[in-house]
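Visitor: Supplied structure: entry.cif, mmCIF, C-alpha atoms and all ligand atoms.
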data_upload
#
loop_
_atom_site.group_PDB
_atom_site.id
_atom_site.type_symbol
_atom_site.label_atom_id
_atom_site.label_comp_id
_atom_site.auth_asym_id
_atom_site.auth_seq_id
_atom_site.Cartn_x
_atom_site.Cartn_y
_atom_site.Cartn_z
ATOM 1 C CA MET A 296 9.971 -56.566 5.265
ATOM 2 C CA GLN A 297 7.599 -53.743 6.056
ATOM 3 C CA LEU A 298 4.589 -52.826 3.957
ATOM 4 C CA LEU A 299 4.324 -49.187 2.916
ATOM 5 C CA ASP A 300 0.664 -48.855 3.749
ATOM 6 C CA GLY A 301 -0.702 -46.243 1.351
ATOM 7 C CA LYS A 302 -4.205 -46.772 2.666
ATOM 8 C CA LYS A 303 -3.246 -45.956 6.252
ATOM 9 C CA VAL A 304 -0.993 -43.034 5.324
ATOM 10 C CA SER A 305 -3.498 -41.505 2.931
ATOM 11 C CA GLU A 306 -6.275 -41.792 5.527
ATOM 12 C CA SER A 307 -4.114 -39.949 8.034
ATOM 13 C CA LEU A 308 -3.147 -37.193 5.544
ATOM 14 C CA LEU A 309 -6.725 -36.880 4.250
ATOM 15 C CA ALA A 310 -7.924 -36.412 7.834
ATOM 16 C CA GLU A 311 -5.507 -33.445 8.111
ATOM 17 C CA ILE A 312 -6.857 -32.007 4.856
ATOM 18 C CA ALA A 313 -10.421 -32.403 6.168
ATOM 19 C CA VAL A 314 -9.430 -30.349 9.239
ATOM 20 C CA SER A 315 -8.029 -27.610 6.963
ATOM 21 C CA VAL A 316 -11.280 -27.578 4.976
ATOM 22 C CA LYS A 317 -13.258 -27.194 8.180
ATOM 23 C CA GLU A 318 -11.014 -24.313 9.252
ATOM 24 C CA LEU A 319 -11.445 -22.618 5.881
ATOM 25 C CA LYS A 320 -15.216 -22.924 6.159
ATOM 26 C CA GLU A 321 -15.259 -21.625 9.738
ATOM 27 C CA ALA A 322 -13.185 -18.638 8.633
ATOM 28 C CA GLY A 323 -15.814 -17.917 5.954
ATOM 29 C CA LYS A 324 -13.370 -18.861 3.190
ATOM 30 C CA LYS A 325 -13.988 -20.895 0.115
ATOM 31 C CA THR A 326 -14.665 -24.632 0.055
ATOM 32 C CA PRO A 327 -12.143 -26.289 -2.292
ATOM 33 C CA HIS A 328 -13.856 -27.403 -5.484
ATOM 34 C CA LEU A 329 -12.412 -30.016 -7.849
ATOM 35 C CA ALA A 330 -13.841 -30.360 -11.359
ATOM 36 C CA ALA A 331 -13.131 -33.686 -13.075
ATOM 37 C CA ILE A 332 -13.689 -34.403 -16.749
ATOM 38 C CA LEU A 333 -14.129 -37.996 -17.893
ATOM 39 C CA VAL A 334 -14.288 -38.677 -21.622
ATOM 40 C CA GLY A 335 -15.809 -42.012 -22.705
ATOM 41 C CA ASN A 336 -16.244 -45.022 -20.459
ATOM 42 C CA ASN A 337 -12.896 -46.706 -20.007
ATOM 43 C CA PRO A 338 -13.603 -48.884 -16.918
ATOM 44 C CA ALA A 339 -10.272 -48.109 -15.224
ATOM 45 C CA SER A 340 -10.723 -44.351 -15.731
ATOM 46 C CA GLU A 341 -14.306 -44.609 -14.436
ATOM 47 C CA ALA A 342 -12.995 -46.281 -11.284
ATOM 48 C CA TYR A 343 -10.211 -43.722 -10.745
ATOM 49 C CA VAL A 344 -12.465 -40.715 -11.270
ATOM 50 C CA GLY A 345 -15.134 -42.314 -9.065
ATOM 51 C CA SER A 346 -12.583 -42.650 -6.235
ATOM 52 C CA LYS A 347 -11.473 -39.047 -6.652
ATOM 53 C CA VAL A 348 -15.025 -37.707 -6.471
ATOM 54 C CA LYS A 349 -15.827 -39.932 -3.488
ATOM 55 C CA THR A 350 -12.725 -38.721 -1.658
ATOM 56 C CA CYS A 351 -13.773 -35.111 -2.279
ATOM 57 C CA GLU A 352 -17.070 -35.849 -0.517
ATOM 58 C CA GLN A 353 -15.295 -37.561 2.389
ATOM 59 C CA ILE A 354 -13.061 -34.600 3.149
ATOM 60 C CA GLY A 355 -15.593 -31.831 2.582
ATOM 61 C CA PHE A 356 -14.525 -30.626 -0.875
ATOM 62 C CA ALA A 357 -17.073 -29.674 -3.496
ATOM 63 C CA SER A 358 -16.755 -31.619 -6.732
ATOM 64 C CA THR A 359 -18.148 -31.585 -10.237
ATOM 65 C CA LEU A 360 -17.923 -34.592 -12.525
ATOM 66 C CA LEU A 361 -18.419 -33.772 -16.183
ATOM 67 C CA ARG A 362 -18.933 -36.912 -18.247
ATOM 68 C CA LEU A 363 -18.453 -36.524 -21.982
ATOM 69 C CA GLU A 364 -19.086 -38.929 -24.855
ATOM 70 C CA GLN A 365 -16.166 -40.827 -26.382
ATOM 71 C CA ASP A 366 -16.747 -39.090 -29.741
ATOM 72 C CA ILE A 367 -16.798 -35.524 -28.385
ATOM 73 C CA THR A 368 -14.739 -33.195 -30.578
ATOM 74 C CA GLU A 369 -11.492 -31.780 -29.274
ATOM 75 C CA ALA A 370 -12.859 -28.256 -29.754
ATOM 76 C CA ALA A 371 -15.892 -29.021 -27.574
ATOM 77 C CA LEU A 372 -13.706 -30.543 -24.849
ATOM 78 C CA LEU A 373 -11.421 -27.488 -24.873
ATOM 79 C CA GLU A 374 -14.482 -25.269 -24.514
ATOM 80 C CA HIS A 375 -15.569 -27.184 -21.395
ATOM 81 C CA ILE A 376 -12.070 -26.723 -19.944
ATOM 82 C CA ARG A 377 -12.163 -22.974 -20.679
ATOM 83 C CA ASN A 378 -15.531 -22.768 -18.916
ATOM 84 C CA PHE A 379 -14.000 -24.319 -15.813
ATOM 85 C CA ASN A 380 -10.984 -21.990 -16.150
ATOM 86 C CA ASP A 381 -13.363 -19.007 -16.148
ATOM 87 C CA ASN A 382 -15.542 -20.294 -13.295
ATOM 88 C CA PRO A 383 -14.286 -18.683 -10.070
ATOM 89 C CA ASP A 384 -16.012 -21.356 -8.005
ATOM 90 C CA VAL A 385 -13.770 -24.093 -9.496
ATOM 91 C CA ASP A 386 -10.321 -24.327 -7.893
ATOM 92 C CA GLY A 387 -8.866 -27.430 -9.526
ATOM 93 C CA ILE A 388 -9.422 -29.075 -12.907
ATOM 94 C CA LEU A 389 -8.464 -32.579 -13.926
ATOM 95 C CA VAL A 390 -9.026 -34.304 -17.237
ATOM 96 C CA GLN A 391 -8.682 -38.028 -16.754
ATOM 97 C CA LEU A 392 -6.162 -39.638 -19.098
ATOM 98 C CA PRO A 393 -5.940 -41.461 -21.430
ATOM 99 C CA LEU A 394 -8.083 -39.579 -23.921
ATOM 100 C CA PRO A 395 -9.552 -40.962 -27.169
ATOM 101 C CA ALA A 396 -7.005 -41.048 -30.009
ATOM 102 C CA HIS A 397 -8.661 -38.186 -31.949
ATOM 103 C CA ILE A 398 -7.982 -35.731 -29.088
ATOM 104 C CA SER A 399 -4.558 -34.181 -28.505
ATOM 105 C CA GLU A 400 -3.536 -34.769 -24.899
ATOM 106 C CA SER A 401 -1.048 -31.962 -25.155
ATOM 107 C CA ARG A 402 -3.609 -29.375 -26.393
ATOM 108 C CA VAL A 403 -5.956 -30.440 -23.599
ATOM 109 C CA ILE A 404 -3.301 -30.094 -20.894
ATOM 110 C CA ASN A 405 -2.116 -26.771 -22.317
ATOM 111 C CA THR A 406 -5.668 -25.413 -22.131
ATOM 112 C CA ILE A 407 -5.980 -25.937 -18.368
ATOM 113 C CA ASP A 408 -5.265 -22.745 -16.420
ATOM 114 C CA PRO A 409 -1.917 -23.440 -14.652
ATOM 115 C CA ALA A 410 -3.437 -21.901 -11.487
ATOM 116 C CA LYS A 411 -5.997 -24.762 -11.510
ATOM 117 C CA ASP A 412 -3.684 -27.503 -12.807
ATOM 118 C CA VAL A 413 -3.974 -29.763 -9.745
ATOM 119 C CA ASP A 414 -2.667 -32.755 -11.741
ATOM 120 C CA GLY A 415 0.584 -30.844 -12.311
ATOM 121 C CA PHE A 416 0.663 -31.872 -15.983
ATOM 122 C CA HIS A 417 0.819 -28.387 -17.561
ATOM 123 C CA PRO A 418 4.239 -27.451 -19.024
ATOM 124 C CA ILE A 419 4.343 -24.475 -16.644
ATOM 125 C CA SER A 420 3.826 -26.764 -13.630
ATOM 126 C CA LEU A 421 6.409 -29.243 -14.915
ATOM 127 C CA GLY A 422 8.899 -26.466 -15.672
ATOM 128 C CA ARG A 423 8.516 -25.001 -12.184
ATOM 129 C CA MET A 424 8.945 -28.460 -10.672
ATOM 130 C CA VAL A 425 12.185 -28.997 -12.615
ATOM 131 C CA LEU A 426 13.451 -25.620 -11.379
ATOM 132 C CA GLY A 427 12.475 -26.462 -7.796
ATOM 133 C CA GLU A 428 9.944 -23.611 -7.669
ATOM 134 C CA PRO A 429 6.691 -23.999 -5.709
ATOM 135 C CA THR A 430 4.038 -25.517 -7.975
ATOM 136 C CA PHE A 431 1.509 -28.305 -8.354
ATOM 137 C CA ILE A 432 3.452 -31.565 -8.529
ATOM 138 C CA SER A 433 2.050 -34.514 -10.423
ATOM 139 C CA ALA A 434 0.021 -36.573 -7.968
ATOM 140 C CA THR A 435 1.547 -40.040 -8.306
ATOM 141 C CA PRO A 436 5.211 -39.041 -7.893
ATOM 142 C CA ASN A 437 4.260 -36.555 -5.197
ATOM 143 C CA GLY A 438 2.244 -39.234 -3.387
ATOM 144 C CA ILE A 439 5.299 -41.514 -3.490
ATOM 145 C CA MET A 440 7.455 -38.726 -1.996
ATOM 146 C CA MET A 441 4.843 -38.332 0.774
ATOM 147 C CA LEU A 442 4.996 -42.071 1.462
ATOM 148 C CA LEU A 443 8.824 -42.078 1.640
ATOM 149 C CA ASP A 444 8.621 -39.067 3.944
ATOM 150 C CA TYR A 445 5.985 -40.636 6.209
ATOM 151 C CA TYR A 446 8.082 -43.774 6.762
ATOM 152 C CA LYS A 447 11.273 -41.679 7.121
ATOM 153 C CA ILE A 448 13.009 -43.783 4.484
ATOM 154 C CA GLU A 449 16.587 -42.661 3.977
ATOM 155 C CA THR A 450 17.025 -41.605 0.357
ATOM 156 C CA ALA A 451 20.097 -39.319 0.391
ATOM 157 C CA GLY A 452 22.936 -40.813 -1.627
ATOM 158 C CA LYS A 453 20.937 -43.929 -2.502
ATOM 159 C CA ASN A 454 20.880 -45.503 -5.935
ATOM 160 C CA CYS A 455 17.363 -45.271 -7.269
ATOM 161 C CA VAL A 456 16.108 -46.937 -10.429
ATOM 162 C CA VAL A 457 12.878 -45.635 -11.953
ATOM 163 C CA ILE A 458 11.409 -47.989 -14.580
ATOM 164 C CA GLY A 459 9.181 -46.098 -17.025
ATOM 165 C CA ARG A 460 9.607 -42.598 -18.476
ATOM 166 C CA SER A 461 6.034 -41.344 -18.782
ATOM 167 C CA ASN A 462 5.374 -37.617 -18.487
ATOM 168 C CA ILE A 463 3.053 -38.164 -15.547
ATOM 169 C CA VAL A 464 5.025 -40.655 -13.442
ATOM 170 C CA GLY A 465 8.516 -41.835 -14.443
ATOM 171 C CA THR A 466 10.017 -38.569 -15.656
ATOM 172 C CA PRO A 467 8.780 -36.327 -12.791
ATOM 173 C CA MET A 468 9.619 -39.103 -10.297
ATOM 174 C CA SER A 469 13.221 -39.191 -11.507
ATOM 175 C CA ILE A 470 13.501 -35.422 -11.075
ATOM 176 C CA LEU A 471 11.935 -35.327 -7.603
ATOM 177 C CA LEU A 472 14.181 -38.109 -6.322
ATOM 178 C CA SER A 473 17.312 -36.440 -7.643
ATOM 179 C CA ARG A 474 16.494 -32.967 -6.250
ATOM 180 C CA ASN A 475 18.359 -31.500 -3.310
ATOM 181 C CA SER A 476 15.594 -32.180 -0.817
ATOM 182 C CA ASN A 477 14.453 -34.695 1.734
ATOM 183 C CA PRO A 478 13.250 -37.128 0.476
ATOM 184 C CA GLY A 479 15.546 -36.735 -2.508
ATOM 185 C CA ASN A 480 19.290 -36.498 -3.120
ATOM 186 C CA CYS A 481 19.219 -39.895 -4.836
ATOM 187 C CA THR A 482 21.435 -40.955 -7.711
ATOM 188 C CA VAL A 483 18.724 -41.773 -10.211
ATOM 189 C CA THR A 484 18.786 -44.059 -13.235
ATOM 190 C CA LEU A 485 15.729 -43.726 -15.478
ATOM 191 C CA CYS A 486 15.080 -46.989 -17.343
ATOM 192 C CA HIS A 487 12.603 -47.644 -20.150
ATOM 193 C CA SER A 488 11.670 -50.056 -22.917
ATOM 194 C CA ARG A 489 15.015 -49.554 -24.722
ATOM 195 C CA THR A 490 17.192 -50.007 -21.641
ATOM 196 C CA GLN A 491 19.781 -52.750 -21.935
ATOM 197 C CA ASN A 492 20.815 -54.840 -18.916
ATOM 198 C CA LEU A 493 17.771 -53.805 -16.897
ATOM 199 C CA LYS A 494 18.288 -56.676 -14.476
ATOM 200 C CA GLU A 495 21.885 -55.660 -13.697
ATOM 201 C CA ILE A 496 20.894 -52.012 -13.282
ATOM 202 C CA CYS A 497 18.049 -52.934 -10.929
ATOM 203 C CA LEU A 498 20.348 -55.178 -8.883
ATOM 204 C CA GLY A 499 22.379 -52.065 -8.063
ATOM 205 C CA ALA A 500 19.299 -50.214 -6.785
ATOM 206 C CA ASP A 501 18.590 -49.341 -3.174
ATOM 207 C CA ILE A 502 15.194 -48.039 -4.286
ATOM 208 C CA ILE A 503 13.173 -49.251 -7.294
ATOM 209 C CA VAL A 504 10.122 -47.395 -8.598
ATOM 210 C CA ALA A 505 8.270 -49.584 -11.110
ATOM 211 C CA ALA A 506 6.007 -47.565 -13.417
ATOM 212 C CA ILE A 507 6.080 -49.540 -16.631
ATOM 213 C CA GLY A 508 2.446 -50.705 -16.774
ATOM 214 C CA ARG A 509 3.197 -54.410 -17.250
ATOM 215 C CA PRO A 510 1.942 -56.987 -14.760
ATOM 216 C CA ASN A 511 4.590 -58.689 -12.590
ATOM 217 C CA TYR A 512 7.416 -57.188 -14.678
ATOM 218 C CA VAL A 513 9.868 -56.784 -11.798
ATOM 219 C CA THR A 514 10.892 -60.243 -10.615
ATOM 220 C CA ALA A 515 12.865 -61.376 -7.564
ATOM 221 C CA ASP A 516 16.085 -61.918 -9.541
ATOM 222 C CA MET A 517 16.124 -58.161 -10.346
ATOM 223 C CA VAL A 518 15.980 -56.993 -6.723
ATOM 224 C CA LYS A 519 18.806 -56.900 -4.203
ATOM 225 C CA GLU A 520 18.312 -57.870 -0.565
ATOM 226 C CA GLY A 521 17.026 -54.972 1.527
ATOM 227 C CA ALA A 522 15.815 -52.828 -1.392
ATOM 228 C CA VAL A 523 12.851 -50.467 -1.122
ATOM 229 C CA VAL A 524 10.331 -51.284 -3.875
ATOM 230 C CA ILE A 525 7.598 -48.891 -4.934
ATOM 231 C CA ASP A 526 4.999 -50.364 -7.292
ATOM 232 C CA VAL A 527 3.052 -47.843 -9.369
ATOM 233 C CA GLY A 528 1.386 -50.446 -11.612
ATOM 234 C CA ILE A 529 -2.331 -51.129 -11.501
ATOM 235 C CA ASN A 530 -2.926 -53.942 -14.008
ATOM 236 C CA ARG A 531 -6.052 -56.051 -14.255
ATOM 237 C CA ILE A 532 -5.356 -59.688 -15.051
ATOM 238 C CA ASP A 533 -7.639 -62.705 -15.528
ATOM 239 C CA ASP A 534 -8.171 -64.807 -12.437
ATOM 240 C CA PRO A 535 -10.858 -67.471 -12.853
ATOM 241 C CA SER A 536 -10.667 -68.243 -9.101
ATOM 242 C CA ARG A 537 -12.208 -64.825 -8.354
ATOM 243 C CA LYS A 538 -15.934 -64.185 -8.586
ATOM 244 C CA SER A 539 -15.211 -61.158 -10.800
ATOM 245 C CA GLY A 540 -12.944 -63.296 -13.011
ATOM 246 C CA SER A 541 -10.044 -60.861 -12.604
ATOM 247 C CA ARG A 542 -7.840 -59.125 -10.042
ATOM 248 C CA LEU A 543 -5.456 -56.182 -9.795
ATOM 249 C CA VAL A 544 -1.715 -56.712 -9.764
ATOM 250 C CA GLY A 545 1.167 -54.275 -9.853
ATOM 251 C CA ASP A 546 4.261 -54.095 -12.035
ATOM 252 C CA VAL A 547 6.119 -56.065 -9.355
ATOM 253 C CA ASP A 548 5.803 -59.792 -8.709
ATOM 254 C CA PHE A 549 4.844 -59.058 -5.105
ATOM 255 C CA ASP A 550 4.875 -62.602 -3.678
ATOM 256 C CA GLN A 551 8.397 -63.343 -4.924
ATOM 257 C CA VAL A 552 9.893 -59.872 -4.447
ATOM 258 C CA ALA A 553 8.457 -58.879 -1.042
ATOM 259 C CA PRO A 554 10.591 -61.277 1.073
ATOM 260 C CA LYS A 555 13.771 -59.604 -0.272
ATOM 261 C CA CYS A 556 12.666 -56.036 0.481
ATOM 262 C CA SER A 557 13.125 -53.766 3.462
ATOM 263 C CA TYR A 558 9.952 -51.943 2.380
ATOM 264 C CA ILE A 559 7.441 -52.577 -0.411
ATOM 265 C CA THR A 560 4.109 -51.083 -1.480
ATOM 266 C CA PRO A 561 1.162 -53.452 -1.984
ATOM 267 C CA VAL A 562 -1.266 -53.293 -4.934
ATOM 268 C CA PRO A 563 -3.954 -52.297 -4.222
ATOM 269 C CA GLY A 564 -3.520 -50.196 -1.084
ATOM 270 C CA GLY A 565 -0.160 -48.645 -1.915
ATOM 271 C CA VAL A 566 0.666 -45.914 -4.422
ATOM 272 C CA GLY A 567 -2.898 -45.617 -5.813
ATOM 273 C CA LYS A 568 -4.225 -44.320 -2.501
ATOM 274 C CA MET A 569 -1.349 -41.848 -2.255
ATOM 275 C CA THR A 570 -2.091 -40.490 -5.743
ATOM 276 C CA ILE A 571 -5.581 -39.494 -4.654
ATOM 277 C CA CYS A 572 -4.242 -38.008 -1.438
ATOM 278 C CA ALA A 573 -1.689 -35.894 -3.350
ATOM 279 C CA LEU A 574 -4.388 -34.701 -5.751
ATOM 280 C CA MET A 575 -6.557 -33.584 -2.824
ATOM 281 C CA ASN A 576 -3.573 -31.823 -1.286
ATOM 282 C CA ASN A 577 -2.991 -29.955 -4.561
ATOM 283 C CA THR A 578 -6.650 -28.925 -4.646
ATOM 284 C CA LEU A 579 -6.374 -27.578 -1.108
ATOM 285 C CA LEU A 580 -3.217 -25.696 -2.154
ATOM 286 C CA ALA A 581 -5.130 -24.199 -5.082
ATOM 287 C CA VAL A 582 -7.312 -22.438 -2.484
ATOM 288 C CA LYS A 583 -4.741 -21.724 0.222
ATOM 289 C CA GLY A 584 -1.895 -20.836 -2.139
ATOM 290 C CA ILE A 585 1.110 -22.944 -3.074
HETATM 291 N N1 LIG A 601 -4.460 -41.267 -15.703
HETATM 292 C C1 LIG A 601 -3.635 -42.043 -14.973
HETATM 293 N N2 LIG A 601 -3.190 -41.362 -13.895
HETATM 294 C C2 LIG A 601 -3.753 -40.137 -13.947
HETATM 295 C C3 LIG A 601 -3.680 -38.996 -13.104
HETATM 296 O O1 LIG A 601 -2.975 -38.951 -12.088
HETATM 297 N N3 LIG A 601 -4.424 -37.923 -13.499
HETATM 298 C C4 LIG A 601 -5.169 -37.947 -14.631
HETATM 299 N N4 LIG A 601 -5.838 -36.834 -14.946
HETATM 300 N N5 LIG A 601 -5.250 -38.984 -15.434
HETATM 301 C C5 LIG A 601 -4.553 -40.081 -15.090
#
Now, as a test, write the supplied structure out as structure tokens.

Guide:
Amino acid sequence: MQLLDGKKVSESLLAEIAVSVKELKEAGKKTPHLAAILVGNNPASEAYVGSKVKTCEQIGFASTLLRLEQDITEAALLEHIRNFNDNPDVDGILVQLPLPAHISESRVINTIDPAKDVDGFHPISLGRMVLGEPTFISATPNGIMMLLDYYKIETAGKNCVVIGRSNIVGTPMSILLSRNSNPGNCTVTLCHSRTQNLKEICLGADIIVAAIGRPNYVTADMVKEGAVVIDVGINRIDDPSRKSGSRLVGDVDFDQVAPKCSYITPVPGGVGKMTICALMNNTLLAVKGI
């Protein structure tokens, strides 16, 4: 079993991005600038946005973090997005999800200028991705493709099971893996909460991508010997043995599943790091051109 070390791979790719930023600056070109909007104070979202802003600093990007109250109106949030759309200094815009229930996620995403949609969530970005046209690709699935590419994992012709059909992970992941590309060319089965015989379907998988958001959901009896397992989950569970009283686990029961795998991503230090790396890459592309 080999660990797919998202921390190591992202550090190496971020170092390349930092070189590109330096080259842009030396050529008198623009410094990439990411604007992040955080609504409310969901602790997980705070942590994710904090990591994104910190990574911007590390690689020489400019960043703006706009923190808004939980009870901000949708109209006011849309106005802030339009301001970033109109600001030529801002290259990429991200609105951290989830949003409070009174705000329409879809209206928010639709308001972001597709040219600055570094999360790749806008319908125009998604449509281009489906058509195989150059575009911003959603950071988590794109980060997973980068990881598969880095480790030269053979995907062509493989049976791949994606568990979870979210707009931002499962659905784009299933499309990327089935495209005629490398990595890609998989035979993909997209499973979800209504799937019957999940265990049997997973046992036929050469590659499993778990993005269901439930701790330790994928167990050893669902995984065949030699499978590649990619764990997208970041779930906080109680752990009285820790000083903090909790710890992060993925959607995969790592201790039981790992011995059966050819490759597996750890949590933390796997997909999460790659998501940030892919977001930074999109922000660089927003300046250099896709
Ligand atoms: N919430 C969970 N993942 C993401 C992400 O990749 N981008 C944004 N904007 N929100 C998220």

Visitor: Between atom CA of Val524 of chain A and atom CA of Lys447 of chain A, what is the distance, to one decimal in Å?

Guide: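 So the two atoms, atom CA of Val524 of chain A and atom CA of Lys447 of chain A, lie 14.6 Å apart.
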
Visitor: Name every residue that the PyMOL selection byres (((chain A and resi 361) around 10) and not hetatm) selects in this structure, writing the answer as a list in words with chains first and numbers rising.

Guide: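 Applied to this file, the PyMOL selection byres (((chain A and resi 361) around 10) and not hetatm) selects Ala330, Ala331, Ile332, Leu333, Val334, Ser358, Thr359, Leu360, Arg362, Leu363, His375 and Val390 of chain A.
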
Visitor: Let me have all residues with an atom within 10 Å of ligand LIG 601 (chain A), counting all atoms listed in the file, laid out as a PyMOL selection string.

Guide: chain A and resi 331-333+339-340+343-344+347+388-394+404+412-416+433-436+463-464+529+567+570-571+573-574

Visitor: Around segment 544-558 of chain A, fit a box with edges along x, y and z, padding it by 4 Å on each side, then list its centre and edge lengths in Å to one decimal as JSON.

Guide:
{"center_x": 6.0, "center_y": -57.6, "center_z": -4.3, "size_x": 23.5, "size_y": 19.4, "size_z": 23.5}

Visitor: If you count all atoms listed in the file, which residues fall within 12 Å of His417 of chain A, apart from same-chain ones fewer than 4 positions away, as a CSV table (one decimal) with C-alpha atoms, in the coordinates of the input?

Guide:
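Once everything was written out, this is out.csv:
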chain,number,residue,atom,x,y,z
A,388,ILE,CA,-9.4,-29.1,-12.9
A,389,LEU,CA,-8.5,-32.6,-13.9
A,390,VAL,CA,-9.0,-34.3,-17.2
A,400,GLU,CA,-3.5,-34.8,-24.9
A,401,SER,CA,-1.0,-32.0,-25.2
A,402,ARG,CA,-3.6,-29.4,-26.4
A,403,VAL,CA,-6.0,-30.4,-23.6
A,404,ILE,CA,-3.3,-30.1,-20.9
A,405,ASN,CA,-2.1,-26.8,-22.3
A,406,THR,CA,-5.7,-25.4,-22.1
A,407,ILE,CA,-6.0,-25.9,-18.4
A,408,ASP,CA,-5.3,-22.7,-16.4
A,409,PRO,CA,-1.9,-23.4,-14.7
A,410,ALA,CA,-3.4,-21.9,-11.5
A,411,LYS,CA,-6.0,-24.8,-11.5
A,412,ASP,CA,-3.7,-27.5,-12.8
A,413,VAL,CA,-4.0,-29.8,-9.7
A,421,LEU,CA,6.4,-29.2,-14.9
A,422,GLY,CA,8.9,-26.5,-15.7
A,423,ARG,CA,8.5,-25.0,-12.2
A,424,MET,CA,8.9,-28.5,-10.7
A,430,THR,CA,4.0,-25.5,-8.0
A,431,PHE,CA,1.5,-28.3,-8.4
A,432,ILE,CA,3.5,-31.6,-8.5
A,433,SER,CA,2.0,-34.5,-10.4
A,462,ASN,CA,5.4,-37.6,-18.5
A,463,ILE,CA,3.1,-38.2,-15.5

Visitor: Give me the segment 500-567 of chain A side of the contact with segment 298-312 of chain A, cut-off 9 Å, one line per residue showing its nearest atom pair and distance in Å at one decimal, counting all atoms listed in the file, sorted by chain and residue number, as a tab-separated table.

Guide:
residue	atom	partner	partner_atom	distance
A:Ile525	CA	A:Leu299	CA	8.5
A:Ala553	CA	A:Leu298	CA	8.8
A:Ser557	CA	A:Leu298	CA	8.6
A:Tyr558	CA	A:Leu298	CA	5.7
A:Ile559	CA	A:Leu298	CA	5.2
A:Thr560	CA	A:Leu299	CA	4.8
A:Pro561	CA	A:Leu298	CA	6.9
A:Pro563	CA	A:Lys302	CA	8.8
A:Gly564	CA	A:Lys302	CA	5.1
A:Gly565	CA	A:Gly301	CA	4.1
A:Val566	CA	A:Gly301	CA	5.9
A:Gly567	CA	A:Gly301	CA	7.5

Visitor: Give me, please, the distance in Å between atom CA of Ala515 of chain A and atom CA of Met296 of chain A, quoted to one decimal.

Guide: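 Between these atoms lies a distance of 14.0 Å.
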
Visitor: Could you give me, as JSON, numbers by chain, the residues that have an atom at most 9 Å away from the point (-18.9, -45.2, -20.6) in the coordinates of the file, using all atoms listed in the file?

Guide: {"A": [334, 335, 336, 337, 338, 341, 362, 363, 364, 365]}

Visitor: List, as a list in words, every residue that the PyMOL selection byres (((chain A and resi 518) around 10) and not hetatm) selects in the file provided.

Guide: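 Listing what the PyMOL selection byres (((chain A and resi 518) around 10) and not hetatm) selects in the shown file: Lys494, Glu495, Ile496, Cys497, Leu498, Gly499, Ala500, Asp501, Ile502, Ile503, Val513, Thr514, Ala515, Asp516, Met517, Lys519, Glu520, Gly521, Ala522, Val523, Val524, Val552, Ala553, Lys555 and Cys556 of chain A.
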
Visitor: Is it possible to get the residues within 9 Å of (3.7, -61.7, -15.7) (coordinates as in the file, counting all atoms listed in the file) written as a PyMOL selection string?

Guide: chain A and resi 509-514+546-548

Visitor: Any chance you could tabulate, as a tab-separated table, the residues of segment 382-429 of chain A at most 10 Å from segment 470-480 of chain A with each one's nearest atom pair and distance in Å to one decimal, using only C-alpha atoms, in chain and rising number order?

Guide:
residue	atom	partner	partner_atom	distance
A:Met424	CA	A:Leu471	CA	8.1
A:Val425	CA	A:Ile470	CA	6.7
A:Leu426	CA	A:Arg474	CA	9.5
A:Gly427	CA	A:Arg474	CA	7.8

Visitor: May I have the residues within 8 Å of Leu579 of chain A as JSON, numbers by chain, using only C-alpha atoms and disregarding those fewer than 2 positions away in the same chain?

Guide: {"A": [312, 316, 327, 575, 576, 577, 581, 582, 583]}

Visitor: Can I get the selection written as a PDB file, keeping the file's coordinate frame, with C-alpha atoms?

Guide:
ATOM      1  CA  ILE A 312      -6.857 -32.007   4.856  1.00  0.00           C
ATOM      2  CA  VAL A 316     -11.280 -27.578   4.976  1.00  0.00           C
ATOM      3  CA  PRO A 327     -12.143 -26.289  -2.292  1.00  0.00           C
ATOM      4  CA  MET A 575      -6.557 -33.584  -2.824  1.00  0.00           C
ATOM      5  CA  ASN A 576      -3.573 -31.823  -1.286  1.00  0.00           C
ATOM      6  CA  ASN A 577      -2.991 -29.955  -4.561  1.00  0.00           C
ATOM      7  CA  ALA A 581      -5.130 -24.199  -5.082  1.00  0.00           C
ATOM      8  CA  VAL A 582      -7.312 -22.438  -2.484  1.00  0.00           C
ATOM      9  CA  LYS A 583      -4.741 -21.724   0.222  1.00  0.00           C
TER      10      LYS A 583
END

Visitor: Check what the PyMOL selection byres (((chain A and resi 459) around 8) and not hetatm) selects in the file above and give those residues as a VMD selection string.

Guide: chain A and resid 457 to 458 460 to 461 464 to 466 485 to 488 505 to 507

Visitor: Please report the interatomic distance between atom CA of Gly528 of chain A and atom CA of Gly508 of chain A in Å with one decimal.

Guide: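 Separation between atom CA of Gly528 of chain A and atom CA of Gly508 of chain A: 5.3 Å.
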
Visitor: Using all atoms listed in the file, pick whichever of A:Ile585, A:Phe379, A:His397, A:Val385 has the shortest atom-to-atom distance to Asp366 of chain A.

Guide: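 Under the stated criterion, the closest residue is A:His397.
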
Visitor: Which one is closest to Thr368 of chain A: A:Val456, A:Ile532, A:Ala396, A:Val504? Count only C-alpha atoms.

Guide: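 That would be A:Ala396, the residue with the smallest distance to Thr368 of chain A.
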